[in-house]
Number of protein chains: 2
Amino acid sequence: MQKRSTVRGARTRESILRTAADIASVDGLDGLTIGRLAAELEMSKSGLFAHFGSKEELQLATIDEARLRYAAEVITPGLAADRGIGRLDSLCQSFLSYVERGVFPGGCFFAAAMAEFDSKSSGPVLERAAEEGVEIGHLRATTDARQLAFELEASLLAANWYFHLYSDAGYFDRARRAIRARLRSESTATGRRTLSRGD
Amino acid sequence: MQKRSTVRGARTRESILRTAADIASVDGLDGLTIGRLAAELEMSKSGLFAHFGSKEELQLATIDEARLRYAAEVITPGLAADRGIGRLDSLCQSFLSYVERGVFPGGCFFAAAMAEFDSKSSGPVLERAAEEGVEIGHLRATTDARQLAFELEASLLAANWYFHLYSDAGYFDRARRAIRARLRSESTATGRRTLSRGD
């Protein structure tokens, strides 16, 4: 009996956190209160307090849940591409697809929560992939990996932002065009050939 | 007496709205309550209700105040440059300078409030300036003005966002580099000469 109820408890905790992460993607972490979550789940507040002792504990657990989902939907598929310009492109495409598919109903969880905790979103991963692109010879030796990551990230954030503001999926195409043109302009001949193979 | 108190009333209303716009740039329009504003101004809530009958009225008046400040700090100086690539560049520079100078303490008011009301920020103004750049022959005839405006806007928003998140003014330089490179890549020879004269 003890075991079964622990398993059920764990399952409940997981499904609570999925809902919590969905709410926070729409209303931010500050909008995620025990009361709001209880109403959404049709649970009692005391039932929720049995899982999470405080609002802070709930928020931290929700960030962990969101990190796992982000890793599974963006980072892991993005990194599956070969190192170099293909991986850099693949990380950008994975991000846009994750926003487009509504993995979080409010758009990128980390973009929404950025202002509330120190989240760097996809920046450092893109920068690393850009550095690899230079090392491998897909991007020019003069490429500034941090600058390139900033510019790619700007397009990704703008697409996420405008798509949710105007419910217009055309912003994903704008971001894809911007990213491809930016990657091409920074590519060596080898890099351009590698990028074209991905089309 | 009547006249003097009306003038004082107007002045008070103006200074109330300046503070209200500052608060909303940090906490969003939803964070702007009569109670919060009263505390900030060390006024009574009833004193504020004499100026604004409701939270909604206060929010609308605050948006008007923010629009005036944005026009005076970004649009008017941006449009002062000659039509063409110089004006497009000047609008971008005015925006970055306005964020950098902390015209609103929370960064761009309209970027912060975008999610809460239908604000298009600087997008349409940039698009119009890009179209003029094509008409005048500073930008290539093949330039897609909407796409270019999206990409410039993405850099502007990212600079605003990251600067306030990490208190790092280096993001303004990143945005300026991105914008100049993007404008150059889309320029005709005349456009490039015009852009260089602005340096």
# chains A, B, ... in the order shown; residues from 1 in each chain; ligands from 1
call {"tool": "interface_residues", "arguments": {"of": "chain A", "to": "chain B", "cutoff": "6 Å", "atoms": "only C-alpha atoms", "output": "PDB file with N, CA, C and O atoms, in the first residue's frame"}}
result
ATOM      1  N   ALA A 154      18.130  37.067 -31.153  1.00  0.00           N
ATOM      2  CA  ALA A 154      17.201  38.193 -31.333  1.00  0.00           C
ATOM      3  C   ALA A 154      16.052  37.778 -32.255  1.00  0.00           C
ATOM      4  O   ALA A 154      14.884  38.061 -31.972  1.00  0.00           O
ATOM      5  N   SER A 155      16.361  37.091 -33.347  1.00  0.00           N
ATOM      6  CA  SER A 155      15.311  36.631 -34.258  1.00  0.00           C
ATOM      7  C   SER A 155      14.401  35.605 -33.584  1.00  0.00           C
ATOM      8  O   SER A 155      13.182  35.629 -33.778  1.00  0.00           O
ATOM      9  N   ALA A 158      12.156  37.438 -31.054  1.00  0.00           N
ATOM     10  CA  ALA A 158      11.151  38.273 -31.732  1.00  0.00           C
ATOM     11  C   ALA A 158      10.040  37.395 -32.306  1.00  0.00           C
ATOM     12  O   ALA A 158       8.859  37.742 -32.226  1.00  0.00           O
TER      13      ALA A 158
END
call {"tool": "residues_around", "arguments": {"residues": "stretch 57-74 of chain A", "least_positions_apart": "4", "cutoff": "9 Å", "atoms": "only C-alpha atoms", "output": "ChimeraX atom specification"}}
result
/A:14,17-18,20-22,24,29-30,32-34,51-53,78-79,91-98,103-104,108-110,122
call {"tool": "atom_distance", "arguments": {"atom1": "atom CA of B:Ala111", "atom2": "atom CA of B:Arg180"}}
result
22.1 Å
call {"tool": "residues_around", "arguments": {"residues": "A:Ala80", "least_positions_apart": "5", "cutoff": "10 Å", "atoms": "only C-alpha atoms", "output": "list of chain:residue names"}}
result
A:Ile75, A:Gly86, A:Arg87, A:Ser90, A:Leu91
call {"tool": "write_last_selection", "arguments": {"atoms": "all heavy atoms", "output": "short mmCIF file (atom, residue, chain, number, x, y, z; two decimals), in the first residue's frame"}}
result
data_model
loop_
_atom_site.label_atom_id
_atom_site.label_comp_id
_atom_site.auth_asym_id
_atom_site.auth_seq_id
_atom_site.Cartn_x
_atom_site.Cartn_y
_atom_site.Cartn_z
N ILE A 75 16.94 21.41 -26.89
CA ILE A 75 18.39 21.17 -26.83
C ILE A 75 18.75 19.80 -27.39
O ILE A 75 19.62 19.69 -28.27
CB ILE A 75 18.90 21.31 -25.37
CG1 ILE A 75 18.51 22.68 -24.79
CG2 ILE A 75 20.41 21.12 -25.33
CD1 ILE A 75 19.06 23.87 -25.53
N GLY A 86 25.49 23.06 -39.30
CA GLY A 86 24.24 22.30 -39.29
C GLY A 86 23.63 22.27 -37.90
O GLY A 86 22.41 22.39 -37.73
N ARG A 87 24.48 22.13 -36.89
CA ARG A 87 23.98 22.10 -35.51
C ARG A 87 23.47 23.48 -35.09
O ARG A 87 22.45 23.59 -34.39
CB ARG A 87 25.09 21.64 -34.57
CG ARG A 87 24.65 21.60 -33.11
CD ARG A 87 25.71 21.02 -32.19
NE ARG A 87 25.91 19.61 -32.43
CZ ARG A 87 26.78 18.86 -31.76
NH1 ARG A 87 27.54 19.41 -30.82
NH2 ARG A 87 26.90 17.58 -32.02
N SER A 90 20.21 23.84 -36.72
CA SER A 90 19.27 22.89 -36.14
C SER A 90 18.76 23.37 -34.76
O SER A 90 17.59 23.21 -34.43
CB SER A 90 19.99 21.54 -36.03
OG SER A 90 19.34 20.68 -35.17
N LEU A 91 19.64 23.98 -33.97
CA LEU A 91 19.21 24.52 -32.67
C LEU A 91 18.18 25.63 -32.88
O LEU A 91 17.17 25.70 -32.17
CB LEU A 91 20.42 25.06 -31.89
CG LEU A 91 21.31 24.01 -31.22
CD1 LEU A 91 22.67 24.62 -30.85
CD2 LEU A 91 20.64 23.44 -29.97
#
call {"tool": "select_by_dssp", "arguments": {"residues": "stretch 26-158 of chain A", "states": "helix (DSSP H, G or I)", "output": "ChimeraX atom specification"}}
result
/A:26-27,29-31,34-41,45-51,55-79,85-100,109-113,123-136,145-158
call {"tool": "atom_distance", "arguments": {"atom1": "atom CA of B:Ile16", "atom2": "atom CA of B:Gly47"}}
result
11.0 Å
call {"tool": "atom_distance", "arguments": {"atom1": "atom CA of B:Pro124", "atom2": "atom CA of B:Gly84"}}
result
15.1 Å
call {"tool": "decode", "arguments": {"residues": "stretch 125-138 of chain B", "atoms": "all heavy atoms", "output": "CSV table (one decimal), in the first residue's frame"}}
result
chain,number,residue,atom,x,y,z
B,125,VAL,N,6.9,52.2,-38.2
B,125,VAL,CA,7.8,53.3,-38.6
B,125,VAL,C,9.0,52.9,-39.3
B,125,VAL,O,9.4,53.5,-40.3
B,125,VAL,CB,8.1,54.1,-37.3
B,125,VAL,CG1,8.9,55.4,-37.7
B,125,VAL,CG2,6.9,54.5,-36.5
B,126,LEU,N,9.6,51.8,-38.8
B,126,LEU,CA,10.8,51.3,-39.5
B,126,LEU,C,10.5,50.8,-40.9
B,126,LEU,O,11.3,51.0,-41.8
B,126,LEU,CB,11.4,50.1,-38.6
B,126,LEU,CG,12.1,50.5,-37.3
B,126,LEU,CD1,12.6,49.2,-36.6
B,126,LEU,CD2,13.3,51.4,-37.5
B,127,GLU,N,9.4,50.1,-41.0
B,127,GLU,CA,9.0,49.5,-42.3
B,127,GLU,C,8.8,50.7,-43.3
B,127,GLU,O,9.3,50.6,-44.5
B,127,GLU,CB,7.7,48.7,-42.1
B,127,GLU,CG,7.3,48.0,-43.4
B,127,GLU,CD,6.1,47.2,-43.2
B,127,GLU,OE1,5.8,46.8,-42.0
B,127,GLU,OE2,5.3,46.9,-44.2
B,128,ARG,N,8.1,51.7,-42.9
B,128,ARG,CA,7.9,52.9,-43.8
B,128,ARG,C,9.3,53.5,-44.2
B,128,ARG,O,9.5,53.8,-45.4
B,128,ARG,CB,7.0,53.9,-43.1
B,128,ARG,CG,6.7,55.1,-43.9
B,128,ARG,CD,5.7,54.8,-45.0
B,128,ARG,NE,5.8,55.8,-46.1
B,128,ARG,CZ,6.3,55.5,-47.3
B,128,ARG,NH1,6.7,54.3,-47.6
B,128,ARG,NH2,6.3,56.5,-48.2
B,129,ALA,N,10.2,53.6,-43.2
B,129,ALA,CA,11.5,54.2,-43.5
B,129,ALA,C,12.3,53.3,-44.5
B,129,ALA,O,13.0,53.8,-45.4
B,129,ALA,CB,12.3,54.4,-42.2
B,130,ALA,N,12.1,52.0,-44.3
B,130,ALA,CA,12.8,51.0,-45.2
B,130,ALA,C,12.2,51.2,-46.6
B,130,ALA,O,13.0,51.2,-47.6
B,130,ALA,CB,12.6,49.6,-44.7
B,131,GLU,N,10.9,51.3,-46.8
B,131,GLU,CA,10.3,51.5,-48.1
B,131,GLU,C,10.8,52.8,-48.8
B,131,GLU,O,11.1,52.8,-49.9
B,131,GLU,CB,8.7,51.6,-47.9
B,131,GLU,CG,8.0,50.3,-47.6
B,131,GLU,CD,6.6,50.5,-47.2
B,131,GLU,OE1,6.2,51.6,-47.0
B,131,GLU,OE2,5.9,49.4,-46.9
B,132,GLU,N,10.9,53.8,-48.0
B,132,GLU,CA,11.5,55.1,-48.5
B,132,GLU,C,12.9,54.9,-49.0
B,132,GLU,O,13.3,55.4,-50.0
B,132,GLU,CB,11.4,56.2,-47.4
B,132,GLU,CG,10.0,56.7,-47.1
B,132,GLU,CD,10.0,57.6,-46.0
B,132,GLU,OE1,11.0,57.8,-45.3
B,132,GLU,OE2,8.9,58.2,-45.7
B,133,GLY,N,13.7,54.1,-48.2
B,133,GLY,CA,15.0,53.8,-48.6
B,133,GLY,C,15.1,53.1,-49.9
B,133,GLY,O,16.0,53.4,-50.7
B,134,VAL,N,14.2,52.2,-50.2
B,134,VAL,CA,14.1,51.5,-51.5
B,134,VAL,C,13.7,52.5,-52.6
B,134,VAL,O,14.4,52.6,-53.7
B,134,VAL,CB,13.1,50.4,-51.5
B,134,VAL,CG1,13.0,49.8,-52.9
B,134,VAL,CG2,13.5,49.3,-50.5
B,135,GLU,N,12.7,53.4,-52.3
B,135,GLU,CA,12.2,54.3,-53.3
B,135,GLU,C,13.3,55.3,-53.7
B,135,GLU,O,13.5,55.7,-54.9
B,135,GLU,CB,11.1,55.2,-52.7
B,135,GLU,CG,9.7,54.4,-52.7
B,135,GLU,CD,8.8,55.0,-51.6
B,135,GLU,OE1,8.9,56.2,-51.3
B,135,GLU,OE2,7.9,54.3,-51.1
B,136,ILE,N,14.1,55.7,-52.7
B,136,ILE,CA,15.2,56.7,-53.0
B,136,ILE,C,16.4,56.1,-53.6
B,136,ILE,O,17.3,56.8,-54.2
B,136,ILE,CB,15.5,57.4,-51.6
B,136,ILE,CG1,14.5,58.4,-51.3
B,136,ILE,CG2,16.9,57.9,-51.6
B,136,ILE,CD1,14.8,59.1,-50.0
B,137,GLY,N,16.5,54.7,-53.6
B,137,GLY,CA,17.6,54.0,-54.2
B,137,GLY,C,18.8,53.8,-53.2
B,137,GLY,O,19.9,53.6,-53.7
B,138,HIS,N,18.6,54.0,-51.9
B,138,HIS,CA,19.6,53.7,-50.9
B,138,HIS,C,19.7,52.2,-50.7
B,138,HIS,O,20.7,51.6,-50.4
B,138,HIS,CB,19.4,54.4,-49.6
B,138,HIS,CG,19.6,55.9,-49.7
B,138,HIS,ND1,19.3,56.8,-48.7
B,138,HIS,CD2,20.2,56.6,-50.7
B,138,HIS,CE1,19.6,58.0,-49.0
B,138,HIS,NE2,20.2,57.9,-50.2
